[in-house]
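Undergrad: First the structure, which I've put down as structure tokens, then a few questions once you've had a look.
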Amino acid sequence: MARLIEVQDVRSCASPLVVQVGDVLLLHAAGGRVQPGESFVELLGHFVQAIAGEQGRVLTPQGPPNVTLFRACQAGLALIDVITGDPFHGSTTFQLRIKIES
């Protein structure tokens with residue numbers, strides 16, 4: 001069964017991070033990108049976390065994205081860039097190597 005793997009601080013995450021095909025990485029980050037030519041990992045998107053409130057309303061804070069999702073597609077090694085901080089006024093990019101096992 002695939003897992004949802006949360007990485008709260010990419011700076012302290014082991015690299016390579018060993019995952020399995022089908023796993024989804026939830027990174028607390030403003031953004032990210034897959035290095036060109038890397039087909040082992042797919043960027044699912046950048047999101048703003050929100051919560052389900054009372055009476056069926058969704059409560060969403062204002063601000064830039066704070067969660068980025070990647071999916072491990074096939075076995076191999078992948079390199080992703082993870083963007084932390086405010087993407088408009090001082091972001092930092094970290095590279096994270098992902099080892100995907102079948």
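Numbering starts fresh at 1 for the residues of each chain in the structure tokens, the chains themselves are lettered A, B, ... in the order given, and ligands are numbered from 1 as they appear.
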Residues within 7 Å of region 14-18 of chain A, please, as a JSON list (two decimals) with all heavy atoms, in the first residue's frame. Count only C-alpha atoms; anything in the same chain fewer than 3 positions from it doesn't count.

TA:
[["chain", "number", "residue", "atom", "x", "y", "z"],
["A", 96, "LEU", "N", 17.06, 17.65, -2.81],
["A", 96, "LEU", "CA", 16.80, 16.42, -2.07],
["A", 96, "LEU", "C", 16.85, 15.26, -3.04],
["A", 96, "LEU", "O", 16.15, 15.27, -4.06],
["A", 96, "LEU", "CB", 15.42, 16.48, -1.39],
["A", 96, "LEU", "CG", 14.99, 15.29, -0.54],
["A", 96, "LEU", "CD1", 15.96, 15.05, 0.63],
["A", 96, "LEU", "CD2", 13.57, 15.49, -0.03],
["A", 97, "ARG", "N", 17.70, 14.29, -2.75],
["A", 97, "ARG", "CA", 17.80, 13.09, -3.57],
["A", 97, "ARG", "C", 16.82, 12.07, -3.03],
["A", 97, "ARG", "O", 16.74, 11.86, -1.82],
["A", 97, "ARG", "CB", 19.22, 12.55, -3.56],
["A", 97, "ARG", "CG", 19.40, 11.39, -4.51],
["A", 97, "ARG", "CD", 20.83, 11.14, -4.88],
["A", 97, "ARG", "NE", 21.50, 12.25, -5.53],
["A", 97, "ARG", "CZ", 21.38, 12.59, -6.82],
["A", 97, "ARG", "NH1", 20.58, 11.90, -7.59],
["A", 97, "ARG", "NH2", 22.04, 13.60, -7.32],
["A", 98, "ILE", "N", 16.09, 11.44, -3.93],
["A", 98, "ILE", "CA", 15.08, 10.45, -3.58],
["A", 98, "ILE", "C", 15.49, 9.11, -4.21],
["A", 98, "ILE", "O", 15.74, 9.04, -5.42],
["A", 98, "ILE", "CB", 13.68, 10.84, -4.12],
["A", 98, "ILE", "CG1", 13.31, 12.27, -3.74],
["A", 98, "ILE", "CG2", 12.63, 9.83, -3.68],
["A", 98, "ILE", "CD1", 13.12, 12.48, -2.28],
["A", 99, "LYS", "N", 15.57, 8.08, -3.39],
["A", 99, "LYS", "CA", 15.80, 6.72, -3.91],
["A", 99, "LYS", "C", 14.48, 5.99, -3.84],
["A", 99, "LYS", "O", 13.89, 5.83, -2.77],
["A", 99, "LYS", "CB", 16.85, 6.00, -3.07],
["A", 99, "LYS", "CG", 17.12, 4.59, -3.57],
["A", 99, "LYS", "CD", 18.18, 3.90, -2.73],
["A", 99, "LYS", "CE", 18.41, 2.49, -3.26],
["A", 99, "LYS", "NZ", 19.35, 1.75, -2.42],
["A", 100, "ILE", "N", 14.01, 5.56, -5.00],
["A", 100, "ILE", "CA", 12.70, 4.91, -5.09],
["A", 100, "ILE", "C", 12.90, 3.43, -5.32],
["A", 100, "ILE", "O", 13.55, 3.03, -6.29],
["A", 100, "ILE", "CB", 11.86, 5.53, -6.22],
["A", 100, "ILE", "CG1", 11.75, 7.05, -6.01],
["A", 100, "ILE", "CG2", 10.48, 4.89, -6.28],
["A", 100, "ILE", "CD1", 11.46, 7.80, -7.26]]

Undergrad: Would you give me, as number ranges by chain, the residues in chain A that DSSP reads as strand (DSSP E or B)?

TA: A: 4-7, 17-20, 24-27, 31-34, 41-47, 51-52, 58-59, 67-72, 76-86, 90-101

Undergrad: Fewer than 4 positions away in the same chain doesn't count, so skip those; otherwise give me all residues within 7 Å of region 31-42 of chain A, counting only C-alpha atoms, as a list in words.

TA: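 Skipping anything fewer than 4 positions along the chain leaves His46, Thr68, Phe70, Arg71, Ala72, Cys73, Gln74, Ala75, Gly76, Leu77, Ala78, Leu79, Ile80, Asp81, Val82, Ile83 and Thr84 of chain A.
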
Undergrad: CA of Leu69 (chain A) to CA of Gln20 (chain A): how many Å, to one decimal?

TA: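 Answer for the CA of Leu69 (chain A) to CA of Gln20 (chain A) separation: 15.0 Å.
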
Undergrad: From the list A:Val58, A:Ala29, A:Ala50, A:Val24, which residue is nearest Arg11 (chain A) when using only C-alpha atoms?

TA: A:Ala29

Undergrad: Give me the residues near Thr60 (chain A) as a ChimeraX atom specification, where near means some atom within 8 Å (using only C-alpha atoms) and where sequence neighbours in that chain fewer than 6 positions away do not count.

TA: /A:48-51

Undergrad: Report, in Å with one decimal, the straight-line distance from CA of Ala52 (chain A) to CA of Ala2 (chain A).

TA: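 That distance, rounded to one decimal, is 24.4 Å.
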
Undergrad: So which one's closest to Val21 (chain A), A:Met1, A:Gly56, A:Gly85, A:Gln8? Using only C-alpha atoms, please.

TA: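 Nearest candidate to Val21 (chain A) out of A:Met1, A:Gly56, A:Gly85, A:Gln8: A:Met1.
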
Undergrad: Please, what distance in Å, to one decimal, runs between CA of Val7 (chain A) and CA of Leu26 (chain A)?

TA: 6.1 Å

Undergrad: Point out the residue among A:Asp23, A:Ala30, A:Pro61, A:Leu43 with the least atom-to-atom distance to Thr92 (chain A), counting only C-alpha atoms.

TA: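 With only C-alpha atoms as the atom set, the closest residue is A:Ala30.
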